[in-house]
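**Q** This one is protein-v2.txt, compact mmCIF, N, CA and C atoms.
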# COMPACT_ATOMS: atom_id res chain seq x y z
N MET Q 1 -37.95 40.84 -96.97
CA MET Q 1 -37.24 39.67 -96.54
C MET Q 1 -37.73 38.46 -97.30
N SER Q 2 -39.02 38.37 -97.54
CA SER Q 2 -39.54 37.25 -98.31
C SER Q 2 -39.02 37.29 -99.74
N ALA Q 3 -38.75 38.47 -100.24
CA ALA Q 3 -38.20 38.59 -101.58
C ALA Q 3 -36.79 38.02 -101.62
N GLN Q 4 -36.04 38.22 -100.55
CA GLN Q 4 -34.67 37.69 -100.50
C GLN Q 4 -34.70 36.17 -100.45
N ARG Q 5 -35.59 35.63 -99.71
CA ARG Q 5 -35.68 34.18 -99.61
C ARG Q 5 -36.06 33.57 -100.95
N SER Q 6 -36.98 34.20 -101.62
CA SER Q 6 -37.43 33.63 -102.88
C SER Q 6 -36.31 33.65 -103.90
N THR Q 7 -35.45 34.66 -103.89
CA THR Q 7 -34.34 34.69 -104.85
C THR Q 7 -33.27 33.70 -104.46
N ALA Q 8 -33.06 33.48 -103.15
CA ALA Q 8 -32.03 32.55 -102.72
C ALA Q 8 -32.47 31.12 -102.94
N ALA Q 9 -33.74 30.86 -102.97
CA ALA Q 9 -34.23 29.51 -103.09
C ALA Q 9 -34.25 29.04 -104.54
N ARG Q 10 -34.11 29.97 -105.49
CA ARG Q 10 -34.15 29.59 -106.89
C ARG Q 10 -32.91 28.81 -107.28
N PRO Q 11 -33.07 27.76 -108.09
CA PRO Q 11 -31.89 27.02 -108.53
C PRO Q 11 -31.06 27.84 -109.51
N LEU Q 12 -29.79 27.55 -109.49
CA LEU Q 12 -28.89 28.27 -110.41
C LEU Q 12 -29.11 27.77 -111.84
N PRO Q 13 -28.95 28.64 -112.80
CA PRO Q 13 -29.09 28.16 -114.17
C PRO Q 13 -27.96 27.20 -114.51
N ARG Q 14 -28.16 26.34 -115.44
CA ARG Q 14 -27.18 25.33 -115.79
C ARG Q 14 -25.91 25.93 -116.36
N THR Q 15 -26.00 26.99 -116.90
CA THR Q 15 -24.81 27.60 -117.50
C THR Q 15 -23.90 28.18 -116.44
N ALA Q 16 -24.42 28.63 -115.30
CA ALA Q 16 -23.59 29.24 -114.25
C ALA Q 16 -23.20 28.17 -113.26
N ARG Q 17 -21.93 27.82 -113.22
CA ARG Q 17 -21.42 26.84 -112.29
C ARG Q 17 -20.58 27.55 -111.24
N PRO Q 18 -20.58 27.00 -109.99
CA PRO Q 18 -19.75 27.65 -108.98
C PRO Q 18 -18.27 27.45 -109.31
N ALA Q 19 -17.52 28.39 -108.87
CA ALA Q 19 -16.07 28.33 -109.14
C ALA Q 19 -15.45 27.25 -108.28
N PRO Q 20 -14.47 26.49 -108.81
CA PRO Q 20 -13.83 25.46 -108.01
C PRO Q 20 -13.04 26.06 -106.86
N ARG Q 21 -13.05 25.36 -105.74
CA ARG Q 21 -12.33 25.85 -104.55
C ARG Q 21 -10.85 25.54 -104.67
N PRO Q 22 -10.04 26.38 -104.12
CA PRO Q 22 -8.60 26.08 -104.15
C PRO Q 22 -8.29 24.98 -103.14
N SER Q 23 -7.24 24.19 -103.36
CA SER Q 23 -6.88 23.12 -102.44
C SER Q 23 -6.32 23.71 -101.15
N LEU Q 24 -6.45 22.96 -100.06
CA LEU Q 24 -5.99 23.45 -98.76
C LEU Q 24 -4.49 23.24 -98.62
N THR Q 25 -3.83 24.23 -98.13
CA THR Q 25 -2.38 24.13 -97.89
C THR Q 25 -2.09 24.67 -96.51
N ALA Q 26 -0.99 24.17 -95.91
CA ALA Q 26 -0.60 24.63 -94.58
C ALA Q 26 0.00 26.02 -94.68
N LEU Q 27 -0.37 26.86 -93.76
CA LEU Q 27 0.14 28.23 -93.73
C LEU Q 27 1.43 28.26 -92.92
N PRO Q 28 2.31 29.10 -93.25
CA PRO Q 28 3.53 29.21 -92.43
C PRO Q 28 3.18 29.79 -91.07
N GLY Q 29 3.83 29.26 -90.03
CA GLY Q 29 3.58 29.72 -88.67
C GLY Q 29 2.39 29.04 -88.05
N GLY Q 30 1.86 28.03 -88.69
CA GLY Q 30 0.72 27.31 -88.15
C GLY Q 30 1.15 26.34 -87.05
N ALA Q 31 0.35 25.39 -86.80
CA ALA Q 31 0.64 24.42 -85.75
C ALA Q 31 1.85 23.59 -86.15
N SER Q 32 2.79 23.52 -85.28
CA SER Q 32 4.01 22.76 -85.57
C SER Q 32 3.75 21.27 -85.38
N GLU Q 33 4.66 20.48 -85.83
CA GLU Q 33 4.52 19.03 -85.71
C GLU Q 33 4.57 18.59 -84.26
N ARG Q 34 5.37 19.28 -83.46
CA ARG Q 34 5.48 18.93 -82.04
C ARG Q 34 4.15 19.19 -81.31
N ALA Q 35 3.52 20.29 -81.59
CA ALA Q 35 2.24 20.59 -80.95
C ALA Q 35 1.19 19.59 -81.39
N LEU Q 36 1.27 19.20 -82.66
CA LEU Q 36 0.34 18.22 -83.17
C LEU Q 36 0.54 16.88 -82.46
N ARG Q 37 1.77 16.47 -82.24
CA ARG Q 37 2.08 15.21 -81.56
C ARG Q 37 1.63 15.26 -80.10
N SER Q 38 1.83 16.41 -79.42
CA SER Q 38 1.45 16.50 -78.01
C SER Q 38 -0.08 16.38 -77.86
N ARG Q 39 -0.82 16.91 -78.81
CA ARG Q 39 -2.25 16.77 -78.74
C ARG Q 39 -2.67 15.32 -78.95
N LEU Q 40 -1.97 14.60 -79.77
CA LEU Q 40 -2.32 13.22 -80.01
C LEU Q 40 -1.97 12.34 -78.81
N GLU Q 41 -1.00 12.73 -78.06
CA GLU Q 41 -0.61 11.95 -76.89
C GLU Q 41 -1.60 12.11 -75.75
N LEU Q 42 -2.44 13.12 -75.79
CA LEU Q 42 -3.40 13.34 -74.72
C LEU Q 42 -4.54 12.32 -74.77
N VAL Q 43 -4.73 11.68 -75.89
CA VAL Q 43 -5.78 10.67 -76.01
C VAL Q 43 -5.34 9.44 -75.24
N ARG Q 44 -6.20 8.96 -74.36
CA ARG Q 44 -5.85 7.80 -73.54
C ARG Q 44 -6.06 6.51 -74.32
N ALA Q 45 -5.29 5.54 -73.94
CA ALA Q 45 -5.42 4.23 -74.55
C ALA Q 45 -6.71 3.58 -74.05
N PRO Q 46 -7.36 2.76 -74.87
CA PRO Q 46 -8.59 2.11 -74.41
C PRO Q 46 -8.29 1.16 -73.26
N LEU Q 47 -9.25 1.07 -72.36
CA LEU Q 47 -9.10 0.16 -71.21
C LEU Q 47 -9.05 -1.27 -71.70
N GLN Q 48 -8.37 -2.09 -70.93
CA GLN Q 48 -8.29 -3.50 -71.29
C GLN Q 48 -9.66 -4.14 -71.09
N ALA Q 49 -9.97 -5.07 -71.92
CA ALA Q 49 -11.25 -5.76 -71.82
C ALA Q 49 -11.32 -6.51 -70.49
N ARG Q 50 -12.44 -6.37 -69.79
CA ARG Q 50 -12.60 -7.04 -68.50
C ARG Q 50 -12.93 -8.51 -68.72
N SER Q 51 -12.60 -9.27 -67.72
CA SER Q 51 -12.87 -10.70 -67.78
C SER Q 51 -14.37 -10.94 -67.64
N LYS Q 52 -14.88 -11.94 -68.31
CA LYS Q 52 -16.30 -12.26 -68.26
C LYS Q 52 -16.61 -13.23 -67.12
N ILE Q 53 -15.62 -13.64 -66.38
CA ILE Q 53 -15.81 -14.61 -65.31
C ILE Q 53 -16.71 -14.07 -64.20
N PRO Q 54 -16.51 -12.84 -63.70
CA PRO Q 54 -17.42 -12.37 -62.64
C PRO Q 54 -18.88 -12.34 -63.09
N PHE Q 55 -19.13 -11.94 -64.32
CA PHE Q 55 -20.49 -11.92 -64.83
C PHE Q 55 -21.07 -13.32 -64.86
N LEU Q 56 -20.28 -14.29 -65.32
CA LEU Q 56 -20.74 -15.67 -65.35
C LEU Q 56 -21.00 -16.20 -63.94
N VAL Q 57 -20.15 -15.82 -62.98
CA VAL Q 57 -20.34 -16.27 -61.59
C VAL Q 57 -21.65 -15.70 -61.04
N VAL Q 58 -21.94 -14.44 -61.32
CA VAL Q 58 -23.18 -13.83 -60.85
C VAL Q 58 -24.38 -14.54 -61.49
N CYS Q 59 -24.30 -14.79 -62.80
CA CYS Q 59 -25.41 -15.48 -63.48
C CYS Q 59 -25.62 -16.88 -62.91
N MET Q 60 -24.55 -17.61 -62.70
CA MET Q 60 -24.66 -18.96 -62.15
C MET Q 60 -25.20 -18.92 -60.72
N SER Q 61 -24.80 -17.91 -59.94
CA SER Q 61 -25.31 -17.78 -58.57
C SER Q 61 -26.82 -17.53 -58.58
N ILE Q 62 -27.27 -16.65 -59.47
CA ILE Q 62 -28.70 -16.36 -59.56
C ILE Q 62 -29.45 -17.61 -59.99
N LEU Q 63 -28.91 -18.34 -60.96
CA LEU Q 63 -29.55 -19.57 -61.42
C LEU Q 63 -29.61 -20.61 -60.29
N GLY Q 64 -28.51 -20.76 -59.55
CA GLY Q 64 -28.49 -21.71 -58.43
C GLY Q 64 -29.48 -21.32 -57.35
N ALA Q 65 -29.55 -20.03 -57.03
CA ALA Q 65 -30.51 -19.57 -56.02
C ALA Q 65 -31.95 -19.82 -56.48
N ALA Q 66 -32.22 -19.60 -57.77
CA ALA Q 66 -33.58 -19.83 -58.28
C ALA Q 66 -33.93 -21.32 -58.21
N LEU Q 67 -32.98 -22.18 -58.54
CA LEU Q 67 -33.24 -23.62 -58.46
C LEU Q 67 -33.45 -24.06 -57.01
N LEU Q 68 -32.66 -23.51 -56.11
CA LEU Q 68 -32.80 -23.85 -54.69
C LEU Q 68 -34.16 -23.40 -54.17
N CYS Q 69 -34.60 -22.20 -54.55
CA CYS Q 69 -35.93 -21.71 -54.14
C CYS Q 69 -37.03 -22.60 -54.71
N ALA Q 70 -36.88 -23.01 -55.97
CA ALA Q 70 -37.89 -23.88 -56.57
C ALA Q 70 -37.95 -25.22 -55.84
N LEU Q 71 -36.80 -25.77 -55.47
CA LEU Q 71 -36.76 -27.03 -54.73
C LEU Q 71 -37.42 -26.87 -53.36
N LEU Q 72 -37.14 -25.76 -52.69
CA LEU Q 72 -37.72 -25.50 -51.38
C LEU Q 72 -39.24 -25.37 -51.47
N VAL Q 73 -39.73 -24.64 -52.46
CA VAL Q 73 -41.17 -24.46 -52.63
C VAL Q 73 -41.84 -25.80 -52.95
N ASN Q 74 -41.20 -26.58 -53.83
CA ASN Q 74 -41.76 -27.87 -54.21
C ASN Q 74 -41.83 -28.81 -53.01
N THR Q 75 -40.78 -28.84 -52.19
CA THR Q 75 -40.76 -29.69 -51.00
C THR Q 75 -41.83 -29.26 -50.00
N THR Q 76 -41.97 -27.98 -49.80
CA THR Q 76 -42.98 -27.46 -48.87
C THR Q 76 -44.39 -27.81 -49.36
N MET Q 77 -44.62 -27.68 -50.66
CA MET Q 77 -45.94 -28.01 -51.19
C MET Q 77 -46.24 -29.50 -51.05
N ALA Q 78 -45.23 -30.35 -51.24
CA ALA Q 78 -45.45 -31.80 -51.09
C ALA Q 78 -45.78 -32.14 -49.64
N ARG Q 79 -45.04 -31.54 -48.69
CA ARG Q 79 -45.30 -31.79 -47.27
C ARG Q 79 -46.71 -31.32 -46.90
N ASN Q 80 -47.10 -30.13 -47.38
CA ASN Q 80 -48.45 -29.63 -47.09
C ASN Q 80 -49.52 -30.50 -47.73
N SER Q 81 -49.22 -31.09 -48.87
CA SER Q 81 -50.18 -31.99 -49.51
C SER Q 81 -50.41 -33.23 -48.65
N TYR Q 82 -49.33 -33.80 -48.09
CA TYR Q 82 -49.50 -34.96 -47.20
C TYR Q 82 -50.29 -34.58 -45.95
N GLU Q 83 -50.01 -33.43 -45.38
CA GLU Q 83 -50.76 -32.98 -44.20
C GLU Q 83 -52.24 -32.80 -44.54
N MET Q 84 -52.51 -32.22 -45.72
CA MET Q 84 -53.89 -31.98 -46.12
C MET Q 84 -54.64 -33.30 -46.32
N SER Q 85 -53.99 -34.28 -46.92
CA SER Q 85 -54.66 -35.57 -47.12
C SER Q 85 -54.91 -36.26 -45.77
N GLU Q 86 -53.98 -36.14 -44.82
CA GLU Q 86 -54.18 -36.70 -43.49
C GLU Q 86 -55.34 -36.02 -42.78
N LEU Q 87 -55.42 -34.69 -42.90
CA LEU Q 87 -56.52 -33.96 -42.27
C LEU Q 87 -57.86 -34.33 -42.91
N ARG Q 88 -57.88 -34.55 -44.21
CA ARG Q 88 -59.12 -34.97 -44.87
C ARG Q 88 -59.57 -36.34 -44.37
N ARG Q 89 -58.61 -37.25 -44.18
CA ARG Q 89 -58.98 -38.57 -43.64
C ARG Q 89 -59.54 -38.43 -42.23
N GLU Q 90 -58.92 -37.57 -41.43
CA GLU Q 90 -59.40 -37.36 -40.06
C GLU Q 90 -60.80 -36.75 -40.05
N VAL Q 91 -61.05 -35.80 -40.96
CA VAL Q 91 -62.39 -35.19 -41.05
C VAL Q 91 -63.42 -36.24 -41.44
N SER Q 92 -63.08 -37.13 -42.36
CA SER Q 92 -64.04 -38.17 -42.75
C SER Q 92 -64.30 -39.14 -41.60
N ARG Q 93 -63.26 -39.46 -40.80
CA ARG Q 93 -63.47 -40.32 -39.62
C ARG Q 93 -64.38 -39.64 -38.61
N VAL Q 94 -64.16 -38.35 -38.37
CA VAL Q 94 -65.00 -37.62 -37.42
C VAL Q 94 -66.44 -37.55 -37.93
N ALA Q 95 -66.62 -37.36 -39.24
CA ALA Q 95 -67.98 -37.31 -39.80
C ALA Q 95 -68.68 -38.66 -39.62
N GLN Q 96 -67.94 -39.75 -39.81
CA GLN Q 96 -68.53 -41.08 -39.60
C GLN Q 96 -68.90 -41.29 -38.14
N ASP Q 97 -68.02 -40.86 -37.22
CA ASP Q 97 -68.33 -40.98 -35.78
C ASP Q 97 -69.56 -40.16 -35.43
N THR Q 98 -69.65 -38.95 -36.00
CA THR Q 98 -70.80 -38.09 -35.72
C THR Q 98 -72.09 -38.75 -36.21
N GLN Q 99 -72.05 -39.34 -37.40
CA GLN Q 99 -73.24 -40.00 -37.93
C GLN Q 99 -73.65 -41.19 -37.06
N SER Q 100 -72.67 -41.95 -36.60
CA SER Q 100 -73.03 -43.12 -35.76
C SER Q 100 -73.60 -42.65 -34.42
N LEU Q 101 -73.04 -41.58 -33.85
CA LEU Q 101 -73.58 -41.07 -32.58
C LEU Q 101 -74.98 -40.50 -32.76
N GLU Q 102 -75.21 -39.80 -33.88
CA GLU Q 102 -76.55 -39.27 -34.14
C GLU Q 102 -77.56 -40.42 -34.32
N ALA Q 103 -77.12 -41.50 -34.95
CA ALA Q 103 -78.02 -42.66 -35.11
C ALA Q 103 -78.33 -43.27 -33.75
N GLN Q 104 -77.33 -43.34 -32.85
CA GLN Q 104 -77.57 -43.87 -31.51
C GLN Q 104 -78.54 -42.99 -30.74
N VAL Q 105 -78.39 -41.67 -30.85
CA VAL Q 105 -79.30 -40.74 -30.15
C VAL Q 105 -80.72 -40.91 -30.69
N ALA Q 106 -80.87 -41.02 -32.00
CA ALA Q 106 -82.20 -41.21 -32.58
C ALA Q 106 -82.82 -42.53 -32.11
N ALA Q 107 -82.00 -43.57 -32.01
CA ALA Q 107 -82.52 -44.87 -31.53
C ALA Q 107 -82.93 -44.77 -30.07
N GLN Q 108 -82.16 -44.03 -29.26
CA GLN Q 108 -82.50 -43.89 -27.84
C GLN Q 108 -83.78 -43.07 -27.68
N LYS Q 109 -84.00 -42.06 -28.55
CA LYS Q 109 -85.22 -41.26 -28.45
C LYS Q 109 -86.45 -42.12 -28.71
N THR Q 110 -86.37 -43.01 -29.66
CA THR Q 110 -87.53 -43.83 -29.98
C THR Q 110 -87.77 -44.90 -28.93
N SER Q 111 -86.71 -45.35 -28.29
CA SER Q 111 -86.89 -46.41 -27.28
C SER Q 111 -87.05 -45.85 -25.86
N LEU Q 112 -86.99 -44.56 -25.68
CA LEU Q 112 -87.09 -43.96 -24.33
C LEU Q 112 -88.43 -44.24 -23.66
N PRO Q 113 -89.56 -44.07 -24.30
CA PRO Q 113 -90.83 -44.37 -23.61
C PRO Q 113 -90.93 -45.84 -23.20
N ASP Q 114 -90.44 -46.73 -24.05
CA ASP Q 114 -90.49 -48.17 -23.70
C ASP Q 114 -89.59 -48.47 -22.51
N THR Q 115 -88.41 -47.86 -22.48
CA THR Q 115 -87.49 -48.08 -21.37
C THR Q 115 -88.08 -47.53 -20.07
N ALA Q 116 -88.68 -46.34 -20.14
CA ALA Q 116 -89.30 -45.75 -18.94
C ALA Q 116 -90.45 -46.62 -18.43
N ALA Q 117 -91.27 -47.15 -19.32
CA ALA Q 117 -92.39 -48.02 -18.92
C ALA Q 117 -91.87 -49.30 -18.30
N SER Q 118 -90.77 -49.85 -18.81
CA SER Q 118 -90.23 -51.08 -18.23
C SER Q 118 -89.65 -50.83 -16.85
N LEU Q 119 -89.27 -49.59 -16.55
CA LEU Q 119 -88.76 -49.25 -15.22
C LEU Q 119 -89.88 -48.87 -14.27
N GLY Q 120 -91.11 -48.85 -14.73
CA GLY Q 120 -92.25 -48.56 -13.86
C GLY Q 120 -92.64 -47.09 -13.85
N MET Q 121 -92.16 -46.30 -14.74
CA MET Q 121 -92.49 -44.88 -14.80
C MET Q 121 -93.78 -44.70 -15.60
N VAL Q 122 -94.52 -43.64 -15.23
CA VAL Q 122 -95.75 -43.32 -15.94
C VAL Q 122 -95.65 -41.87 -16.41
N PRO Q 123 -96.31 -41.53 -17.49
CA PRO Q 123 -96.27 -40.14 -17.96
C PRO Q 123 -96.99 -39.22 -16.97
N ALA Q 124 -96.47 -38.04 -16.77
CA ALA Q 124 -97.07 -37.06 -15.86
C ALA Q 124 -98.30 -36.46 -16.52
N GLU Q 125 -99.38 -36.41 -15.73
CA GLU Q 125 -100.63 -35.88 -16.24
C GLU Q 125 -100.57 -34.36 -16.35
N ASP Q 126 -99.98 -33.73 -15.33
CA ASP Q 126 -99.95 -32.28 -15.28
C ASP Q 126 -98.54 -31.84 -14.86
N PRO Q 127 -97.59 -31.73 -15.81
CA PRO Q 127 -96.23 -31.41 -15.40
C PRO Q 127 -96.11 -29.96 -14.95
N ALA Q 128 -95.20 -29.73 -14.01
CA ALA Q 128 -94.97 -28.37 -13.51
C ALA Q 128 -93.47 -28.09 -13.55
N MET Q 129 -93.12 -26.79 -13.70
CA MET Q 129 -91.71 -26.37 -13.73
C MET Q 129 -91.55 -25.20 -12.78
N ILE Q 130 -90.35 -25.09 -12.25
CA ILE Q 130 -90.04 -23.99 -11.34
C ILE Q 130 -89.05 -23.06 -12.05
N ARG Q 131 -89.36 -21.77 -12.08
CA ARG Q 131 -88.45 -20.78 -12.63
C ARG Q 131 -87.49 -20.41 -11.51
N LEU Q 132 -86.19 -20.65 -11.75
CA LEU Q 132 -85.19 -20.45 -10.71
C LEU Q 132 -84.91 -18.98 -10.42
N SER Q 133 -85.13 -18.11 -11.36
CA SER Q 133 -84.81 -16.69 -11.15
C SER Q 133 -85.69 -16.06 -10.06
N ASP Q 134 -86.99 -16.41 -10.04
CA ASP Q 134 -87.86 -15.82 -9.01
C ASP Q 134 -88.60 -16.88 -8.18
N GLY Q 135 -88.40 -18.16 -8.48
CA GLY Q 135 -88.98 -19.23 -7.68
C GLY Q 135 -90.44 -19.50 -7.94
N THR Q 136 -91.02 -18.99 -9.02
CA THR Q 136 -92.43 -19.25 -9.31
C THR Q 136 -92.60 -20.60 -9.98
N VAL Q 137 -93.73 -21.22 -9.74
CA VAL Q 137 -94.05 -22.52 -10.31
C VAL Q 137 -94.88 -22.28 -11.56
N LEU Q 138 -94.47 -22.88 -12.63
CA LEU Q 138 -95.18 -22.73 -13.91
C LEU Q 138 -95.87 -24.04 -14.25
N GLY Q 139 -97.05 -23.96 -14.72
CA GLY Q 139 -97.79 -25.13 -15.15
C GLY Q 139 -98.33 -25.89 -13.94
N GLY Q 140 -98.88 -27.05 -14.18
CA GLY Q 140 -99.36 -27.91 -13.10
C GLY Q 140 -100.67 -27.40 -12.50
N ALA Q 141 -101.04 -27.96 -11.34
CA ALA Q 141 -102.30 -27.68 -10.69
C ALA Q 141 -102.33 -26.28 -10.09
N GLN Q 142 -101.20 -25.75 -9.68
CA GLN Q 142 -101.19 -24.45 -9.03
C GLN Q 142 -101.55 -23.33 -10.01
N GLU Q 143 -101.09 -23.46 -11.24
CA GLU Q 143 -101.37 -22.43 -12.23
C GLU Q 143 -102.86 -22.43 -12.59
N GLU Q 144 -103.46 -23.62 -12.65
CA GLU Q 144 -104.88 -23.70 -12.98
C GLU Q 144 -105.72 -23.12 -11.84
N ALA Q 145 -105.26 -23.31 -10.60
CA ALA Q 145 -106.02 -22.80 -9.45
C ALA Q 145 -105.94 -21.30 -9.42
N GLY Q 146 -104.80 -20.71 -9.85
CA GLY Q 146 -104.62 -19.24 -9.85
C GLY Q 146 -105.47 -18.57 -10.91
N GLN Q 147 -105.93 -19.29 -11.90
CA GLN Q 147 -106.69 -18.66 -12.98
C GLN Q 147 -108.07 -18.59 -12.61
Can the structure in the file be given as structure tokens, please?
**A**
Amino acid sequence: MSAQRSTAARPLPRTARPAPRPSLTALPGGASERALRSRLELVRAPLQARSKIPFLVVCMSILGAALLCALLVNTTMARNSYEMSELRREVSRVAQDTQSLEAQVAAQKTSLPDTAASLGMVPAEDPAMIRLSDGTVLGGAQEEAGQ
């Protein structure tokens, strides 16, 4: 089989040319003109070109919806920005109030002993506390006596 391929693959010598083919002619009894016409009539006419208006309407609708969404998002972000700035101002006011109250508490802590002395109070020499869960007295003279 490889021998057959090798002989078929060889080019023809220049002196040997293939014989010219005879021209094609219609044979008697072949396809008649009527049958040929009926086959051509079976081909359908191309559809009419559709209007481009529906496509343009869809594109314009999508564009309008996108612009409307962008406007809605932009408006919402602007409103949230105003709310955020108002909340920041409120937080700064609360921080200032907290600082002033802490300063008042610190001032009261330093002036507490002076205020108590002006009211006639004296510091306790041996303070005692009562534990409410079991009623025992902690600290004071009783604890020293128990030891």
**Q** What is the CA of Arg131 (chain Q)-CA of Lys109 (chain Q) distance in Å, reported with one decimal?
**A**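 Going from CA of Arg131 (chain Q) over to CA of Lys109 (chain Q), I get 26.1 Å.
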**Q** Can you build me a table of region 67-130 of chain Q residues sitting at most 6 Å from region 135-139 of chain Q, with the closest atom pair per residue and its distance in Å to one decimal, using only N, CA and C atoms, sorted by chain and residue number, as a Markdown table?
**A**
| residue | atom | partner | partner_atom | distance |
| --- | --- | --- | --- | --- |
| Q:Pro127 | C | Q:Gly139 | C | 4.7 |
| Q:Ala128 | CA | Q:Gly139 | C | 4.2 |
| Q:Met129 | C | Q:Leu138 | N | 3.7 |
| Q:Ile130 | CA | Q:Val137 | CA | 4.4 |
**Q** Could you work out how far atom C of Gly140 (chain Q) lies from atom C of Glu125 (chain Q), giving the answer in Å with one decimal?
**A**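 Calculated distance between atom C of Glu125 (chain Q) and atom C of Gly140 (chain Q) is 8.0 Å.
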**Q** Need the axis-aligned box for region 46-54 of chain Q with 5 Å each side, so what are the centre and edges in Å to one decimal, as lines of an AutoDock Vina configuration file?
**A**
center_x = -13.1
center_y = -5.9
center_z = -68.8
size_x = 21.5
size_y = 27.4
size_z = 22.2
**Q** What is the distance between atom N of Val122 (chain Q) and atom C of Ser100 (chain Q), in Å to one decimal?
**A**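 Spanning atom N of Val122 (chain Q) to atom C of Ser100 (chain Q) is a straight-line distance of 28.4 Å.
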